[in-house]
file query.txt (compact mmCIF, C-alpha atoms and all ligand atoms)
# COMPACT_ATOMS: atom_id res chain seq x y z
CA MET P 1 0.00 0.00 0.00
CA ARG P 2 1.08 3.53 -0.72
CA ASP P 3 2.29 5.73 2.09
CA LEU P 4 -0.70 7.64 3.46
CA TYR P 5 1.02 11.02 3.34
CA GLU P 6 2.05 10.34 -0.21
CA VAL P 7 -1.56 9.51 -1.08
CA LEU P 8 -2.70 12.90 0.18
CA GLY P 9 0.40 14.62 -1.19
CA VAL P 10 1.37 16.29 2.08
CA GLU P 11 4.45 16.42 4.33
CA ARG P 12 4.67 14.06 7.29
CA GLY P 13 4.25 16.94 9.73
CA ALA P 14 1.22 18.41 7.97
CA SER P 15 -1.39 20.10 10.17
CA GLN P 16 -4.96 18.82 10.39
CA ALA P 17 -6.07 21.81 8.34
CA ASP P 18 -3.60 20.91 5.59
CA LEU P 19 -4.73 17.28 5.64
CA LYS P 20 -8.32 18.35 5.28
CA LYS P 21 -7.48 20.71 2.45
CA ALA P 22 -5.48 18.04 0.63
CA TYR P 23 -8.25 15.51 1.06
CA ARG P 24 -10.91 17.89 -0.16
CA ARG P 25 -8.91 18.60 -3.27
CA LEU P 26 -8.51 14.89 -4.05
CA ALA P 27 -12.13 14.12 -3.21
CA GLN P 28 -13.19 16.80 -5.62
CA GLN P 29 -10.86 15.55 -8.33
CA PHE P 30 -11.93 11.92 -8.06
CA HIS P 31 -15.56 12.53 -7.08
CA PRO P 32 -17.72 9.74 -8.58
CA ASP P 33 -20.23 12.26 -9.87
CA LYS P 34 -17.46 13.83 -11.94
CA ASN P 35 -15.96 10.51 -13.04
CA PRO P 36 -18.92 8.27 -13.81
CA ASP P 37 -18.02 4.62 -14.41
CA ASP P 38 -14.33 5.31 -13.92
CA LYS P 39 -12.93 2.47 -11.76
CA VAL P 40 -9.50 4.05 -11.47
CA ALA P 41 -10.96 7.31 -10.18
CA GLU P 42 -13.15 5.38 -7.76
CA GLU P 43 -10.13 3.57 -6.33
CA SER P 44 -8.29 6.86 -5.93
CA PHE P 45 -11.36 8.30 -4.25
CA LYS P 46 -11.43 5.42 -1.75
CA GLU P 47 -7.68 5.52 -1.22
CA ALA P 48 -7.77 9.21 -0.37
CA ALA P 49 -10.74 8.74 1.97
CA ASN P 50 -8.98 5.91 3.75
CA ALA P 51 -5.78 7.91 4.16
CA TYR P 52 -7.69 10.89 5.46
CA GLN P 53 -9.73 8.80 7.84
CA ILE P 54 -6.62 7.36 9.46
CA LEU P 55 -4.56 10.55 9.53
CA SER P 56 -7.41 12.73 10.81
CA ASP P 57 -7.62 10.56 13.92
CA ASP P 58 -4.81 11.58 16.27
CA ASP P 59 -4.43 8.11 17.85
CA GLN P 60 -4.36 6.27 14.56
CA ARG P 61 -2.01 8.82 13.06
CA ALA P 62 0.44 8.44 15.95
CA ALA P 63 0.33 4.66 15.59
CA TYR P 64 0.89 4.91 11.86
CA ASP P 65 3.75 7.39 12.27
CA ARG P 66 5.52 5.01 14.63
CA TYR P 67 4.78 1.56 13.23
CA GLY P 68 3.43 2.15 9.74
CA PHE P 69 0.54 -0.06 8.63
CA ASP P 70 1.46 -2.58 11.33
CA GLY P 71 0.39 -0.04 13.91
CA LEU P 72 -3.16 0.06 12.57
CA LYS P 73 -5.98 -2.19 13.46
CA GLY P 74 -8.23 -3.86 10.93
CA ALA P 75 -7.88 -4.25 7.22
CA ALA P 76 -5.24 -1.61 6.60
CA SER P 77 -2.69 -3.42 8.78
CA ARG P 78 -2.96 -6.56 6.69
CA GLY P 79 -2.76 -4.82 3.36
CA GLN P 80 -6.37 -5.73 2.67
CA GLY P 81 -7.07 -2.55 0.82
CA PRO P 82 -8.80 0.60 1.88
CA GLY P 83 -10.98 0.65 4.94
CA PHE P 84 -13.88 1.86 2.90
CA SER P 85 -15.32 -0.83 0.71
CA ASN P 86 -17.85 1.37 -1.00
CA VAL P 87 -18.32 4.97 -1.98
CA GLU P 88 -21.58 5.44 -0.09
CA ASP P 89 -19.79 4.81 3.21
CA ILE P 90 -17.40 7.60 2.37
CA PHE P 91 -20.29 9.99 1.80
CA SER P 92 -21.88 9.08 5.07
CA ALA P 93 -18.57 9.41 6.93
CA PHE P 94 -17.38 12.68 5.35
CA GLY P 95 -20.66 14.12 4.22
CA ASP P 96 -19.97 17.39 5.97
CA LEU P 97 -16.83 17.85 3.88
CA PHE P 98 -18.70 17.19 0.67
CA GLY P 99 -21.67 19.17 1.79
CA ASP P 100 -20.07 22.57 1.60
CA PHE P 101 -17.64 21.88 -1.21
CA LEU P 102 -19.38 19.68 -3.69
CA GLY P 103 -23.01 20.20 -2.92
CA GLY P 104 -22.97 16.73 -1.42
CA ARG P 105 -24.52 13.63 -2.78
CA GLY P 106 -27.99 12.83 -1.65
CA GLY P 107 -27.39 15.72 0.73
CA GLY P 108 -24.15 14.54 2.26
CA ARG P 109 -24.70 13.32 5.77
CA ARG P 110 -28.14 11.93 5.28
CA GLN P 111 -29.31 11.82 8.84
CA GLN P 112 -28.55 15.52 9.15
CA ARG P 113 -30.62 16.89 6.31
CA GLY P 114 -34.29 17.54 6.75
CA ALA P 115 -36.87 15.70 4.69
CA ASP P 116 -38.03 17.07 1.37
CA LEU P 117 -41.65 18.12 1.32
CA ARG P 118 -44.19 18.17 -1.44
CA VAL P 119 -47.19 20.41 -1.89
CA ASP P 120 -49.68 20.69 -4.72
CA LEU P 121 -50.52 24.01 -6.31
CA GLY P 122 -53.46 24.56 -8.65
CA LEU P 123 -53.14 27.14 -11.44
CA THR P 124 -55.54 28.51 -14.00
CA PHE P 125 -54.43 28.43 -17.61
CA PRO P 126 -53.61 32.19 -17.69
CA GLU P 127 -51.62 31.86 -14.44
CA ALA P 128 -49.50 29.11 -15.98
CA VAL P 129 -48.93 31.11 -19.16
CA TRP P 130 -48.05 34.44 -17.58
CA GLY P 131 -46.76 33.41 -14.16
CA VAL P 132 -48.17 34.26 -10.77
CA THR P 133 -47.20 34.58 -7.13
CA LYS P 134 -49.28 32.39 -4.86
CA ASP P 135 -49.39 31.48 -1.21
CA VAL P 136 -49.05 27.85 -0.16
CA LYS P 137 -49.50 26.48 3.32
CA VAL P 138 -46.76 24.16 4.53
CA SER P 139 -46.59 22.23 7.79
CA ARG P 140 -43.00 21.42 8.59
CA ASP P 141 -40.30 21.37 11.23
CA VAL P 142 -38.30 24.57 11.38
CA ALA P 143 -35.25 25.50 13.45
CA CYS P 144 -36.12 26.52 17.00
CA GLU P 145 -35.56 30.25 17.43
CA THR P 146 -34.86 30.08 21.14
CA CYS P 147 -31.76 27.91 20.80
CA GLY P 148 -30.90 28.73 17.20
CA GLY P 149 -31.54 25.12 16.25
CA ASN P 150 -28.79 23.48 18.28
CA GLY P 151 -31.14 22.20 20.98
CA ALA P 152 -29.09 23.55 23.88
CA LYS P 153 -30.47 25.93 26.48
CA PRO P 154 -29.45 29.54 25.67
CA GLY P 155 -26.13 30.22 27.34
CA SER P 156 -25.01 26.62 27.01
CA LYS P 157 -23.66 24.76 24.01
CA PRO P 158 -23.90 21.22 22.67
CA GLU P 159 -20.68 19.39 23.36
CA ASN P 160 -18.78 17.05 21.10
CA CYS P 161 -19.87 13.49 21.77
CA ALA P 162 -17.18 11.73 23.79
CA THR P 163 -17.79 8.37 22.16
CA CYS P 164 -17.27 9.39 18.53
CA LYS P 165 -15.35 12.65 19.15
CA GLY P 166 -17.96 14.57 17.25
CA LYS P 167 -17.84 12.53 14.06
CA GLY P 168 -21.21 10.90 14.48
CA GLN P 169 -19.67 7.65 13.26
CA VAL P 170 -17.63 5.03 14.99
CA VAL P 171 -15.18 2.70 13.27
CA HIS P 172 -14.40 -0.74 14.56
CA ALA P 173 -12.71 -3.80 13.16
CA GLN P 174 -14.89 -6.70 12.18
CA GLY P 175 -12.87 -9.59 10.88
CA PHE P 176 -10.78 -8.26 8.03
CA PHE P 177 -12.78 -5.10 7.56
CA MET P 178 -13.08 -1.73 9.15
CA VAL P 179 -16.74 -1.16 9.71
CA GLN P 180 -18.35 2.25 10.03
CA SER P 181 -21.53 2.65 11.95
CA THR P 182 -23.62 5.40 13.44
CA CYS P 183 -22.48 6.37 16.92
CA PRO P 184 -24.81 4.67 19.43
CA HIS P 185 -24.35 7.42 21.99
CA CYS P 186 -25.30 10.52 19.99
CA ARG P 187 -27.15 8.65 17.23
CA GLY P 188 -25.01 10.22 14.54
CA ALA P 189 -25.42 13.84 15.60
CA GLY P 190 -21.82 14.09 16.83
CA LYS P 191 -23.00 16.30 19.70
CA THR P 192 -24.56 15.74 23.08
CA ILE P 193 -26.71 18.21 24.96
CA LYS P 194 -26.44 18.45 28.73
CA ASP P 195 -28.87 21.32 29.19
CA PRO P 196 -31.69 20.99 26.66
CA CYS P 197 -33.55 24.04 25.35
CA GLU P 198 -36.93 24.18 27.07
CA ASP P 199 -38.76 25.44 24.05
CA CYS P 200 -38.01 22.50 21.78
CA ARG P 201 -36.95 19.98 24.45
CA GLY P 202 -33.53 19.70 22.89
CA ARG P 203 -34.73 18.71 19.44
CA GLY P 204 -33.58 21.96 17.89
CA THR P 205 -36.70 22.08 15.73
CA LYS P 206 -40.35 22.90 16.20
CA PRO P 207 -43.38 22.01 14.08
CA GLU P 208 -44.85 25.01 12.35
CA THR P 209 -47.46 25.77 9.74
CA THR P 210 -46.28 28.58 7.51
CA THR P 211 -47.64 30.35 4.52
CA LEU P 212 -45.00 30.62 1.85
CA SER P 213 -45.13 32.83 -1.16
CA VAL P 214 -44.32 30.86 -4.29
CA THR P 215 -43.32 32.65 -7.47
CA VAL P 216 -44.40 30.66 -10.50
CA PRO P 217 -42.47 31.73 -13.62
CA PRO P 218 -44.34 32.28 -16.90
CA GLY P 219 -44.72 29.27 -19.19
CA VAL P 220 -45.01 26.41 -16.70
CA ASP P 221 -47.00 23.34 -17.67
CA ASP P 222 -49.23 20.87 -15.91
CA GLY P 223 -47.28 18.30 -13.86
CA GLN P 224 -44.10 20.35 -13.62
CA THR P 225 -42.41 20.82 -10.27
CA LEU P 226 -40.78 23.86 -8.73
CA ARG P 227 -38.02 23.34 -6.20
CA LEU P 228 -37.73 25.75 -3.29
CA ALA P 229 -34.29 24.99 -1.90
CA GLY P 230 -34.09 24.86 1.88
CA LYS P 231 -37.83 25.31 2.38
CA GLY P 232 -38.43 21.72 3.43
CA GLU P 233 -38.18 20.10 6.81
CA THR P 234 -35.33 21.12 9.12
CA ALA P 235 -33.43 18.26 10.72
CA PRO P 236 -32.35 18.68 14.33
CA GLY P 237 -29.08 20.63 14.19
CA GLY P 238 -28.88 20.21 10.43
CA ALA P 239 -29.78 21.75 7.12
CA ALA P 240 -33.27 22.03 5.73
CA GLY P 241 -34.62 19.81 2.98
CA HIS P 242 -36.27 21.17 -0.13
CA LEU P 243 -39.87 21.97 -0.85
CA TYR P 244 -41.24 20.61 -4.11
CA VAL P 245 -44.29 22.37 -5.49
CA VAL P 246 -46.18 20.21 -7.98
CA LEU P 247 -48.19 22.29 -10.44
CA HIS P 248 -51.66 21.36 -11.64
CA VAL P 249 -52.86 23.50 -14.51
CA GLN P 250 -56.53 23.76 -15.49
CA GLY P 251 -57.46 23.38 -19.11
CA ASP P 252 -58.92 26.23 -21.17
CA GLU P 253 -61.40 25.41 -23.92
CA ARG P 254 -60.13 28.22 -26.13
CA PHE P 255 -56.54 27.05 -26.12
CA ARG P 256 -54.78 23.71 -26.38
CA ARG P 257 -51.16 23.46 -25.43
CA GLU P 258 -48.51 21.53 -27.33
CA GLY P 259 -45.08 22.19 -25.84
CA ASP P 260 -44.74 25.96 -25.92
CA ASP P 261 -47.10 26.30 -28.87
CA VAL P 262 -50.74 27.06 -28.34
CA LEU P 263 -53.36 25.71 -30.70
CA THR P 264 -56.58 27.62 -31.34
CA GLU P 265 -59.38 26.03 -33.33
CA ILE P 266 -61.52 28.53 -35.21
CA PRO P 267 -64.75 27.38 -36.89
CA ILE P 268 -65.51 29.03 -40.21
CA SER P 269 -68.25 28.37 -42.74
CA PHE P 270 -67.27 26.80 -46.03
CA VAL P 271 -68.46 29.97 -47.74
CA LYS P 272 -66.05 32.07 -45.74
CA ALA P 273 -63.29 29.53 -46.38
CA ALA P 274 -63.93 29.88 -50.09
CA LEU P 275 -64.20 33.65 -50.13
CA GLY P 276 -61.61 34.56 -47.46
CA GLY P 277 -61.75 37.65 -45.31
CA GLU P 278 -60.97 38.82 -41.82
CA VAL P 279 -61.58 36.70 -38.74
CA GLU P 280 -61.35 37.58 -35.07
CA ILE P 281 -59.50 35.11 -32.83
CA HIS P 282 -58.61 34.77 -29.14
CA THR P 283 -55.00 35.45 -28.19
CA LEU P 284 -52.87 34.95 -25.07
CA ASP P 285 -52.46 38.69 -24.63
CA ASP P 286 -54.27 40.56 -21.85
CA ASN P 287 -54.06 37.58 -19.52
CA CYS P 288 -55.42 35.27 -22.23
CA ASN P 289 -58.41 37.52 -22.94
CA GLY P 290 -56.93 39.26 -25.94
CA THR P 291 -58.30 39.25 -29.47
CA ALA P 292 -56.73 39.82 -32.83
CA THR P 293 -58.02 40.13 -36.35
CA VAL P 294 -56.28 37.82 -38.77
CA GLU P 295 -56.55 37.28 -42.47
CA LEU P 296 -58.30 34.20 -43.77
CA LYS P 297 -57.04 33.42 -47.25
CA ALA P 298 -59.56 32.83 -50.02
CA GLY P 299 -59.69 29.13 -50.80
CA THR P 300 -58.72 27.96 -47.31
CA GLN P 301 -58.98 24.17 -47.02
CA PRO P 302 -60.06 22.08 -44.02
CA GLY P 303 -56.93 21.48 -41.91
CA ASP P 304 -55.13 24.61 -43.10
CA VAL P 305 -53.39 26.53 -40.35
CA LEU P 306 -52.20 30.05 -39.75
CA VAL P 307 -49.02 30.33 -37.68
CA ARG P 308 -48.53 33.43 -35.54
CA ARG P 309 -44.83 33.37 -34.67
CA GLY P 310 -43.82 34.30 -31.13
CA GLN P 311 -47.44 34.52 -30.00
CA GLY P 312 -47.44 31.24 -28.08
CA ILE P 313 -46.50 30.36 -24.53
CA PRO P 314 -43.39 31.97 -22.99
CA HIS P 315 -40.42 29.63 -22.62
CA VAL P 316 -39.83 28.92 -18.92
CA ASN P 317 -36.85 30.87 -17.58
CA ALA P 318 -35.77 31.86 -21.08
CA SER P 319 -36.64 34.60 -23.48
CA GLY P 320 -39.01 34.15 -26.37
CA ARG P 321 -42.33 32.42 -26.87
CA GLY P 322 -43.70 29.51 -28.83
CA GLU P 323 -46.18 29.95 -31.63
CA GLN P 324 -49.91 30.36 -31.85
CA VAL P 325 -51.30 27.98 -34.42
CA VAL P 326 -54.76 28.87 -35.68
CA GLN P 327 -56.46 25.76 -37.03
CA TRP P 328 -59.27 26.46 -39.45
CA LYS P 329 -62.22 24.21 -38.87
CA VAL P 330 -64.29 24.44 -42.04
CA GLU P 331 -67.95 23.75 -41.32
CA ILE P 332 -70.69 22.67 -43.68
CA PRO P 333 -74.16 23.92 -42.72
CA LYS P 334 -76.45 21.14 -41.58
CA LYS P 335 -79.62 22.96 -42.55
CA LEU P 336 -80.34 25.34 -45.38
CA SER P 337 -83.33 27.59 -46.02
CA THR P 338 -85.18 27.24 -49.30
CA ARG P 339 -83.52 30.39 -50.58
CA GLN P 340 -80.07 29.15 -49.59
CA MET P 341 -80.75 25.88 -51.34
CA GLU P 342 -81.69 27.76 -54.50
CA LEU P 343 -78.41 29.63 -54.33
CA MET P 344 -76.49 26.44 -53.80
CA ARG P 345 -78.08 24.80 -56.79
CA GLU P 346 -77.23 27.82 -58.86
CA LEU P 347 -73.66 27.60 -57.67
CA ALA P 348 -73.54 23.92 -58.43
CA ALA P 349 -74.86 24.54 -61.91
CA ASP P 350 -72.30 27.29 -62.44
CA LEU P 351 -69.54 24.93 -61.34
CA GLY P 352 -70.85 22.40 -63.81
CA GLU P 353 -71.62 19.94 -61.07
CA GLU P 354 -74.44 17.54 -61.59
CA VAL P 355 -76.53 17.30 -58.46
CA LYS P 356 -79.01 14.50 -58.31
CA GLU P 357 -81.18 15.08 -55.29
CA LYS P 358 -83.27 12.46 -53.68
CA ARG P 359 -86.93 12.68 -54.43
CA GLY P 360 -88.97 13.69 -51.45
CA LEU P 361 -90.30 16.70 -49.73
CA PHE P 362 -87.58 18.95 -51.14
CA GLY P 363 -86.92 17.21 -54.38
CA ARG P 364 -88.08 17.80 -57.90
CA LYS P 365 -87.77 21.50 -58.45
CA LYS P 366 -85.25 21.15 -61.18
CA SER P 367 -85.93 20.45 -64.83
ZN ZN B 401 -34.77 25.07 21.13
ZN ZN B 402 -21.34 10.12 19.20

call {"tool": "encode", "arguments": {"input": "query.txt", "output": "structure tokens"}}
result
Amino acid sequence: MRDLYEVLGVERGASQADLKKAYRRLAQQFHPDKNPDDKVAEESFKEAANAYQILSDDDQRAAYDRYGFDGLKGAASRGQGPGFSNVEDIFSAFGDLFGDFLGGRGGGRRQQRGADLRVDLGLTFPEAVWGVTKDVKVSRDVACETCGGNGAKPGSKPENCATCKGKGQVVHAQGFFMVQSTCPHCRGAGKTIKDPCEDCRGRGTKPETTTLSVTVPPGVDDGQTLRLAGKGETAPGGAAGHLYVVLHVQGDERFRREGDDVLTEIPISFVKAALGGEVEIHTLDDNCNGTATVELKAGTQPGDVLVRRGQGIPHVNASGRGEQVVQWKVEIPKKLSTRQMELMRELAADLGEEVKEKRGLFGRKKS
């Protein structure tokens, strides 16, 4: 096995601060999130974690300095490879180091981050298109104000747990392996409280129902989720989880959404389709109550569309808008007056179309 100081790239007499700095640098370099599926990087990541774990413990470091690997208990002394057999153990052991530097992984020290919460938020179609600020009610644990969230009576402080020396984890040899487990004394918190805060009974958090103001950006769609970082549950003595706001958008019969395009179906008579002219349509302007006059081309066919560029739904958190697609729905009248029928027959004759009508109540006027 490589010399532990060499692994971290520091001098033998390096201070704890230097060790930590060196380890952070290596952890960042070989972080599994940055080196997906890279076995070599993963081994380096474990090797650095193992070296740091041993050297950051004063007793183990002294033993190593004097006797080398023989001075260590467990796997390392027998050359069995790093004390950490998998990456997840490293995150749970050094989560606080990753937390501030790398944004963690699954939130670093899991037991110390509050739970994520989920709330549902209903929006009307115009609210989804143009954005809105809405209040949502959330019941969650928040940091206790009396003790500042540490659970200790004001004037006193939580002390480092004597069993794990504040690490929250204990390491012991089990057969050939070094096994990490949550400290049984402080249950992973790393701290013990002698004088608990009376307000929260030492938990550091209190349940609270709050009204939060949620800003919904323009262009959101049904089923999308907004993340409010740090607005979730607060863990005792730890960071808050996130609040996820799931959006439910009502439909609007005038508009159909397809991505960031909005489809508008406009019924027109076949006469108008043939002749063309001006048609009034609904638009998304004025909070989806706008109107515009558009040109219908003479000879418009069923299924023809008119595309109004940049008049669709705003792109979320980006500039620009989708398109408004006007779909012409050409309608044939179901009933005609006698006069209209006369006109139609005249038209048919002019077009040279032979129309053989069924005999009956309306039949037999021709020829
Ligand atoms: Zn308190
Ligand atoms: Zn402990």

call {"tool": "closest_atom_pairs", "arguments": {"input": "query.txt", "of": "chain P", "to": "ligand ZN 401 (chain B)", "cutoff": "8 Å", "atoms": "all atoms listed in the file", "output": "CSV"}}
result
residue,atom,partner,partner_atom,distance
P:Ala143,CA,B:ZN401,ZN,7.7
P:Cys144,CA,B:ZN401,ZN,4.6
P:Glu145,CA,B:ZN401,ZN,6.4
P:Thr146,CA,B:ZN401,ZN,5.0
P:Cys147,CA,B:ZN401,ZN,4.2
P:Gly148,CA,B:ZN401,ZN,6.6
P:Gly149,CA,B:ZN401,ZN,5.9
P:Asn150,CA,B:ZN401,ZN,6.8
P:Gly151,CA,B:ZN401,ZN,4.6
P:Ala152,CA,B:ZN401,ZN,6.5
P:Lys153,CA,B:ZN401,ZN,6.9
P:Pro196,CA,B:ZN401,ZN,7.5
P:Cys197,CA,B:ZN401,ZN,4.5
P:Glu198,CA,B:ZN401,ZN,6.4
P:Asp199,CA,B:ZN401,ZN,5.0
P:Cys200,CA,B:ZN401,ZN,4.2
P:Arg201,CA,B:ZN401,ZN,6.5
P:Gly202,CA,B:ZN401,ZN,5.8
P:Arg203,CA,B:ZN401,ZN,6.6
P:Gly204,CA,B:ZN401,ZN,4.6
P:Thr205,CA,B:ZN401,ZN,6.5
P:Lys206,CA,B:ZN401,ZN,7.8

call {"tool": "closest_residue", "arguments": {"input": "query.txt", "among": "P:Thr234, P:Thr124, P:Thr133, P:Ser269", "to": "P:Asp222", "atoms": "all atoms listed in the file"}}
result
P:Thr124

call {"tool": "atom_distance", "arguments": {"input": "query.txt", "atom1": "atom CA of P:Thr210", "atom2": "atom CA of P:Asp120"}}
result
14.9 Å

call {"tool": "atom_distance", "arguments": {"input": "query.txt", "atom1": "atom CA of P:Gly114", "atom2": "atom CA of P:Ala27"}}
result
24.5 Å

call {"tool": "axis_aligned_box", "arguments": {"input": "query.txt", "around": "stretch 53-60 of chain P", "padding_each_side": "8 Å", "output": "AutoDock Vina command-line options"}}
result
--center_x -7.0 --center_y 9.5 --center_z 12.8 --size_x 21.4 --size_y 22.5 --size_z 26.0

call {"tool": "residues_near_ligand", "arguments": {"input": "query.txt", "ligand": "ligand ZN 402 (chain B)", "cutoff": "6 Å", "atoms": "only C-alpha atoms and all ligand atoms", "output": "list in words"}}
result
Cys161, Thr163, Cys164, Gly166, Gly168, Cys183, His185, Cys186, Gly188 and Gly190 of chain P

call {"tool": "atom_distance", "arguments": {"input": "query.txt", "atom1": "atom CA of P:Asp286", "atom2": "atom CA of P:Ile268"}}
result
24.4 Å

call {"tool": "residues_around", "arguments": {"input": "query.txt", "residues": "P:Ala41", "least_positions_apart": "5", "cutoff": "8 Å", "atoms": "all atoms listed in the file", "output": "ChimeraX atom specification"}}
result
/P:30-32,35

call {"tool": "residues_around", "arguments": {"input": "query.txt", "residues": "P:Cys288", "least_positions_apart": "3", "cutoff": "10 Å", "atoms": "all atoms listed in the file", "output": "list of chain:residue names"}}
result
P:Phe125, P:Pro126, P:Glu127, P:Val129, P:Trp130, P:Asp252, P:Arg254, P:Phe255, P:His282, P:Thr283, P:Leu284, P:Asp285, P:Thr291

call {"tool": "residues_around", "arguments": {"input": "query.txt", "residues": "P:His242", "least_positions_apart": "4", "cutoff": "12 Å", "atoms": "all atoms listed in the file", "output": "list in words"}}
result
Gly106, Gly107, Arg113, Gly114, Ala115, Asp116, Leu117, Arg118, Val119, Val138, Arg140, Thr225, Leu226, Arg227, Leu228, Ala229, Gly230, Lys231, Gly232, Glu233, Thr234 and Ala235 of chain P

call {"tool": "residues_around", "arguments": {"input": "query.txt", "residues": "P:Ser56", "least_positions_apart": "5", "cutoff": "8 Å", "atoms": "all atoms listed in the file", "output": "list of chain:residue names"}}
result
P:Gln16, P:Leu19, P:Lys20, P:Arg61

call {"tool": "residues_around", "arguments": {"input": "query.txt", "residues": "P:Val216", "least_positions_apart": "4", "cutoff": "8 Å", "atoms": "all atoms listed in the file", "output": "JSON, numbers by chain"}}
result
{"P": [128, 131, 132, 133, 134, 220, 226]}

call {"tool": "closest_residue", "arguments": {"input": "query.txt", "among": "P:Gly223, P:Gly299, P:Gly290, P:Pro207", "to": "P:Gln311", "atoms": "only C-alpha atoms"}}
result
P:Gly290

call {"tool": "closest_residue", "arguments": {"input": "query.txt", "among": "P:Arg12, P:Ala273, P:Glu353, P:Pro302", "to": "P:Arg66", "atoms": "all atoms listed in the file"}}
result
P:Arg12

call {"tool": "closest_residue", "arguments": {"input": "query.txt", "among": "P:Glu43, P:Leu343, P:Ile54, P:Leu121", "to": "P:Tyr244", "atoms": "all atoms listed in the file"}}
result
P:Leu121
